[in-house]
Each structure stands twice: as structure tokens, then as C-alpha cells.
file work-v9.pdb (PDB, C-alpha atoms)
ATOM      1  CA  MET O   1       1.890  19.642   1.621
ATOM      2  CA  CYS O   2       3.403  17.325  -0.988
ATOM      3  CA  THR O   3       6.865  18.870  -0.809
ATOM      4  CA  ASP O   4       7.045  17.903   2.857
ATOM      5  CA  ILE O   5       7.402  14.296   1.720
ATOM      6  CA  TYR O   6      10.859  15.120   0.390
ATOM      7  CA  SER O   7      11.994  18.166   2.318
ATOM      8  CA  LYS O   8      10.849  17.079   5.790
ATOM      9  CA  LYS O   9      10.645  13.288   5.287
ATOM     10  CA  ASP O  10       6.942  13.528   6.226
ATOM     11  CA  MET O  11       5.462  10.058   5.724
ATOM     12  CA  SER O  12       1.875  10.952   6.646
ATOM     13  CA  TYR O  13       0.763  10.985   2.994
ATOM     14  CA  TRP O  14       1.983   7.394   2.506
ATOM     15  CA  ARG O  15       0.379   6.263   5.774
ATOM     16  CA  ASP O  16      -2.929   7.853   4.769
ATOM     17  CA  LEU O  17      -2.772   6.267   1.320
ATOM     18  CA  ASP O  18      -2.046   2.891   2.895
ATOM     19  CA  ALA O  19      -5.019   3.259   5.254
ATOM     20  CA  GLU O  20      -7.329   4.203   2.378
ATOM     21  CA  ASN O  21      -6.140   1.244   0.309
ATOM     22  CA  ARG O  22      -6.616  -1.141   3.230
ATOM     23  CA  GLU O  23     -10.149   0.129   3.807
ATOM     24  CA  TYR O  24     -11.027  -0.131   0.108
ATOM     25  CA  ALA O  25      -9.690  -3.685  -0.107
ATOM     26  CA  LYS O  26     -11.665  -4.625   3.004
ATOM     27  CA  GLU O  27     -14.863  -3.099   1.574
ATOM     28  CA  ILE O  28     -14.608  -5.092  -1.650
ATOM     29  CA  GLY O  29     -13.352  -8.253   0.049
ATOM     30  CA  LEU O  30      -9.892  -8.534  -1.504
ATOM     31  CA  PRO O  31      -6.566  -9.128   0.221
ATOM     32  CA  TYR O  32      -4.195  -6.154   0.455
ATOM     33  CA  VAL O  33      -0.423  -6.049   0.843
ATOM     34  CA  PRO O  34       2.039  -3.137   0.794
ATOM     35  CA  ASN O  35       5.133  -3.368  -1.393
ATOM     36  CA  GLN O  36       5.026  -7.104  -1.971
ATOM     37  CA  ASP O  37       5.045  -8.952  -5.274
ATOM     38  CA  ASP O  38       6.105 -12.421  -4.225
ATOM     39  CA  THR O  39       2.580 -13.648  -3.550
ATOM     40  CA  GLU O  40       1.839 -16.807  -5.496
ATOM     41  CA  LYS O  41      -1.759 -17.818  -5.978
ATOM     42  CA  ASP O  42      -3.754 -20.370  -7.833
ATOM     43  CA  PHE O  43      -5.328 -19.062 -11.018
ATOM     44  CA  ASP O  44      -8.867 -19.247  -9.648
ATOM     45  CA  GLU O  45      -8.110 -17.276  -6.432
ATOM     46  CA  PRO O  46      -9.189 -13.629  -6.234
ATOM     47  CA  PRO O  47      -6.601 -10.960  -7.017
ATOM     48  CA  THR O  48      -4.564  -9.223  -4.339
ATOM     49  CA  ILE O  49      -4.344  -5.444  -4.200
ATOM     50  CA  VAL O  50      -0.681  -4.458  -3.939
ATOM     51  CA  ASN O  51       0.353  -0.930  -2.977
ATOM     52  CA  TYR O  52       3.681  -0.416  -4.746
ATOM     53  CA  PHE O  53       3.696   3.238  -3.698
ATOM     54  CA  PHE O  54       4.011   2.386  -0.024
ATOM     55  CA  HIS O  55       7.426   3.639   1.042
ATOM     56  CA  GLU O  56       9.775   0.992   2.374
ATOM     57  CA  THR O  57      10.612   2.938   5.529
ATOM     58  CA  VAL O  58       6.980   3.005   6.654
ATOM     59  CA  LYS O  59       6.579  -0.760   6.336
ATOM     60  CA  LYS O  60       6.992  -2.630   9.613
TER      61      LYS O  60
END

call {"tool": "encode", "arguments": {"input": "work-v9.pdb", "output": "C-alpha cells"}}
result
Amino acid sequence: MCTDIYSKKDMSYWRDLDAENREYAKEIGLPYVPNQDDTEKDFDEPPTIVNYFFHETVKK
């Protein structure tokens, strides 16, 4: 349940979302990073999928 995120500090939703995003990025052949915007790339490199919704406490 969505309210468990706040009332019980249940991070399973964020972990599941992260796993889905990782799988999607892998399927389409793009790099994926959680909560990171300091990646610098050359203009002709493919884009990186960034999950800004990934909660900081879940990140290793």
C-alpha cells in the first residue's frame, strides 16, 4: 500500500521501481543510474536513464 511508504518507512515500492527501471534500460541498451546527475558525456554518446525518484536511503 502506498501509505506504507510514509507510515511504515516501507521501501519496497522504490526497490521495485528501481528494478523495473534497470530492466527497461538493459532491454533498450541504455545506461541507468539512480539519483545521479553529475554524469558528463560527449554530445554523441547515448543518453543515460536517471531515476530521480530513487530514495537516498535505499541507495548503497

call {"tool": "atom_distance", "arguments": {"input": "work-v9.pdb", "atom1": "CA of Ala19 (chain O)", "atom2": "CA of Lys41 (chain O)"}}
result
24.1 Å

call {"tool": "atom_distance", "arguments": {"input": "work-v9.pdb", "atom1": "CA of Thr3 (chain O)", "atom2": "CA of Asp18 (chain O)"}}
result
18.7 Å

call {"tool": "resolve_selection", "arguments": {"input": "work-v9.pdb", "expression": "the PyMOL selection byres ((chain O and resi 47-50) around 7)", "output": "MDAnalysis selection string"}}
result
chainID O and resid 25 30:36 45:46 51:52

call {"tool": "atom_distance", "arguments": {"input": "work-v9.pdb", "atom1": "CA of Asp16 (chain O)", "atom2": "CA of Phe53 (chain O)"}}
result
11.7 Å

call {"tool": "axis_aligned_box", "arguments": {"input": "work-v9.pdb", "around": "region 2-19 of chain O", "padding_each_side": "6 Å", "output": "JSON"}}
result
{"center_x": 3.5, "center_y": 10.9, "center_z": 2.8, "size_x": 29.0, "size_y": 28.0, "size_z": 19.6}

call {"tool": "decode", "arguments": {"input": "work-v9.pdb", "residues": "region 31-50 of chain O", "atoms": "N, CA, C and O atoms", "output": "PDB file, in the first residue's frame"}}
result
ATOM      1  N   PRO O  31      22.479   3.103 -20.482  1.00  0.00           N
ATOM      2  CA  PRO O  31      22.953   3.075 -19.101  1.00  0.00           C
ATOM      3  C   PRO O  31      21.880   3.603 -18.152  1.00  0.00           C
ATOM      4  O   PRO O  31      21.048   4.432 -18.531  1.00  0.00           O
ATOM      5  N   TYR O  32      21.918   3.136 -16.911  1.00  0.00           N
ATOM      6  CA  TYR O  32      20.947   3.529 -15.893  1.00  0.00           C
ATOM      7  C   TYR O  32      21.680   3.861 -14.600  1.00  0.00           C
ATOM      8  O   TYR O  32      22.581   3.134 -14.192  1.00  0.00           O
ATOM      9  N   VAL O  33      21.288   4.950 -13.971  1.00  0.00           N
ATOM     10  CA  VAL O  33      21.842   5.319 -12.672  1.00  0.00           C
ATOM     11  C   VAL O  33      20.721   5.828 -11.772  1.00  0.00           C
ATOM     12  O   VAL O  33      19.806   6.494 -12.234  1.00  0.00           O
ATOM     13  N   PRO O  34      20.767   5.506 -10.484  1.00  0.00           N
ATOM     14  CA  PRO O  34      19.792   6.064  -9.543  1.00  0.00           C
ATOM     15  C   PRO O  34      20.315   7.338  -8.899  1.00  0.00           C
ATOM     16  O   PRO O  34      21.451   7.385  -8.434  1.00  0.00           O
ATOM     17  N   ASN O  35      19.496   8.380  -8.920  1.00  0.00           N
ATOM     18  CA  ASN O  35      19.766   9.593  -8.145  1.00  0.00           C
ATOM     19  C   ASN O  35      21.105  10.240  -8.434  1.00  0.00           C
ATOM     20  O   ASN O  35      21.797  10.672  -7.522  1.00  0.00           O
ATOM     21  N   GLN O  36      21.490  10.306  -9.668  1.00  0.00           N
ATOM     22  CA  GLN O  36      22.799  10.864 -10.013  1.00  0.00           C
ATOM     23  C   GLN O  36      22.643  11.791 -11.206  1.00  0.00           C
ATOM     24  O   GLN O  36      22.074  11.413 -12.218  1.00  0.00           O
ATOM     25  N   ASP O  37      23.139  13.003 -11.091  1.00  0.00           N
ATOM     26  CA  ASP O  37      23.060  13.925 -12.222  1.00  0.00           C
ATOM     27  C   ASP O  37      24.408  14.542 -12.557  1.00  0.00           C
ATOM     28  O   ASP O  37      24.492  15.505 -13.273  1.00  0.00           O
ATOM     29  N   ASP O  38      25.472  13.931 -12.065  1.00  0.00           N
ATOM     30  CA  ASP O  38      26.791  14.500 -12.326  1.00  0.00           C
ATOM     31  C   ASP O  38      27.523  13.791 -13.462  1.00  0.00           C
ATOM     32  O   ASP O  38      28.717  13.957 -13.631  1.00  0.00           O
ATOM     33  N   THR O  39      26.774  12.993 -14.225  1.00  0.00           N
ATOM     34  CA  THR O  39      27.381  12.268 -15.335  1.00  0.00           C
ATOM     35  C   THR O  39      27.626  13.224 -16.493  1.00  0.00           C
ATOM     36  O   THR O  39      26.713  13.879 -16.977  1.00  0.00           O
ATOM     37  N   GLU O  40      28.868  13.315 -16.918  1.00  0.00           N
ATOM     38  CA  GLU O  40      29.197  14.132 -18.081  1.00  0.00           C
ATOM     39  C   GLU O  40      29.487  13.213 -19.244  1.00  0.00           C
ATOM     40  O   GLU O  40      30.184  12.209 -19.096  1.00  0.00           O
ATOM     41  N   LYS O  41      28.925  13.548 -20.389  1.00  0.00           N
ATOM     42  CA  LYS O  41      29.100  12.727 -21.576  1.00  0.00           C
ATOM     43  C   LYS O  41      29.400  13.613 -22.768  1.00  0.00           C
ATOM     44  O   LYS O  41      29.058  14.788 -22.781  1.00  0.00           O
ATOM     45  N   ASP O  42      29.994  12.987 -23.760  1.00  0.00           N
ATOM     46  CA  ASP O  42      30.143  13.672 -25.033  1.00  0.00           C
ATOM     47  C   ASP O  42      28.779  13.765 -25.689  1.00  0.00           C
ATOM     48  O   ASP O  42      27.887  12.936 -25.456  1.00  0.00           O
ATOM     49  N   PHE O  43      28.609  14.751 -26.542  1.00  0.00           N
ATOM     50  CA  PHE O  43      27.319  15.005 -27.172  1.00  0.00           C
ATOM     51  C   PHE O  43      26.809  13.805 -27.964  1.00  0.00           C
ATOM     52  O   PHE O  43      25.614  13.546 -28.000  1.00  0.00           O
ATOM     53  N   ASP O  44      27.707  13.062 -28.601  1.00  0.00           N
ATOM     54  CA  ASP O  44      27.275  11.971 -29.458  1.00  0.00           C
ATOM     55  C   ASP O  44      27.076  10.640 -28.712  1.00  0.00           C
ATOM     56  O   ASP O  44      26.703   9.640 -29.309  1.00  0.00           O
ATOM     57  N   GLU O  45      27.276  10.601 -27.399  1.00  0.00           N
ATOM     58  CA  GLU O  45      27.040   9.387 -26.619  1.00  0.00           C
ATOM     59  C   GLU O  45      25.540   9.223 -26.358  1.00  0.00           C
ATOM     60  O   GLU O  45      24.800  10.210 -26.308  1.00  0.00           O
ATOM     61  N   PRO O  46      25.096   7.979 -26.170  1.00  0.00           N
ATOM     62  CA  PRO O  46      23.666   7.770 -25.902  1.00  0.00           C
ATOM     63  C   PRO O  46      23.277   8.342 -24.536  1.00  0.00           C
ATOM     64  O   PRO O  46      24.122   8.493 -23.648  1.00  0.00           O
ATOM     65  N   PRO O  47      22.001   8.666 -24.378  1.00  0.00           N
ATOM     66  CA  PRO O  47      21.553   9.223 -23.099  1.00  0.00           C
ATOM     67  C   PRO O  47      21.622   8.194 -21.979  1.00  0.00           C
ATOM     68  O   PRO O  47      21.661   6.989 -22.216  1.00  0.00           O
ATOM     69  N   THR O  48      21.626   8.681 -20.765  1.00  0.00           N
ATOM     70  CA  THR O  48      21.580   7.840 -19.575  1.00  0.00           C
ATOM     71  C   THR O  48      20.218   8.010 -18.923  1.00  0.00           C
ATOM     72  O   THR O  48      19.737   9.136 -18.770  1.00  0.00           O
ATOM     73  N   ILE O  49      19.609   6.904 -18.534  1.00  0.00           N
ATOM     74  CA  ILE O  49      18.351   6.970 -17.796  1.00  0.00           C
ATOM     75  C   ILE O  49      18.693   7.197 -16.327  1.00  0.00           C
ATOM     76  O   ILE O  49      19.445   6.431 -15.734  1.00  0.00           O
ATOM     77  N   VAL O  50      18.138   8.264 -15.753  1.00  0.00           N
ATOM     78  CA  VAL O  50      18.393   8.594 -14.358  1.00  0.00           C
ATOM     79  C   VAL O  50      17.083   8.503 -13.586  1.00  0.00           C
ATOM     80  O   VAL O  50      16.096   9.126 -13.956  1.00  0.00           O
TER      81      VAL O  50
END
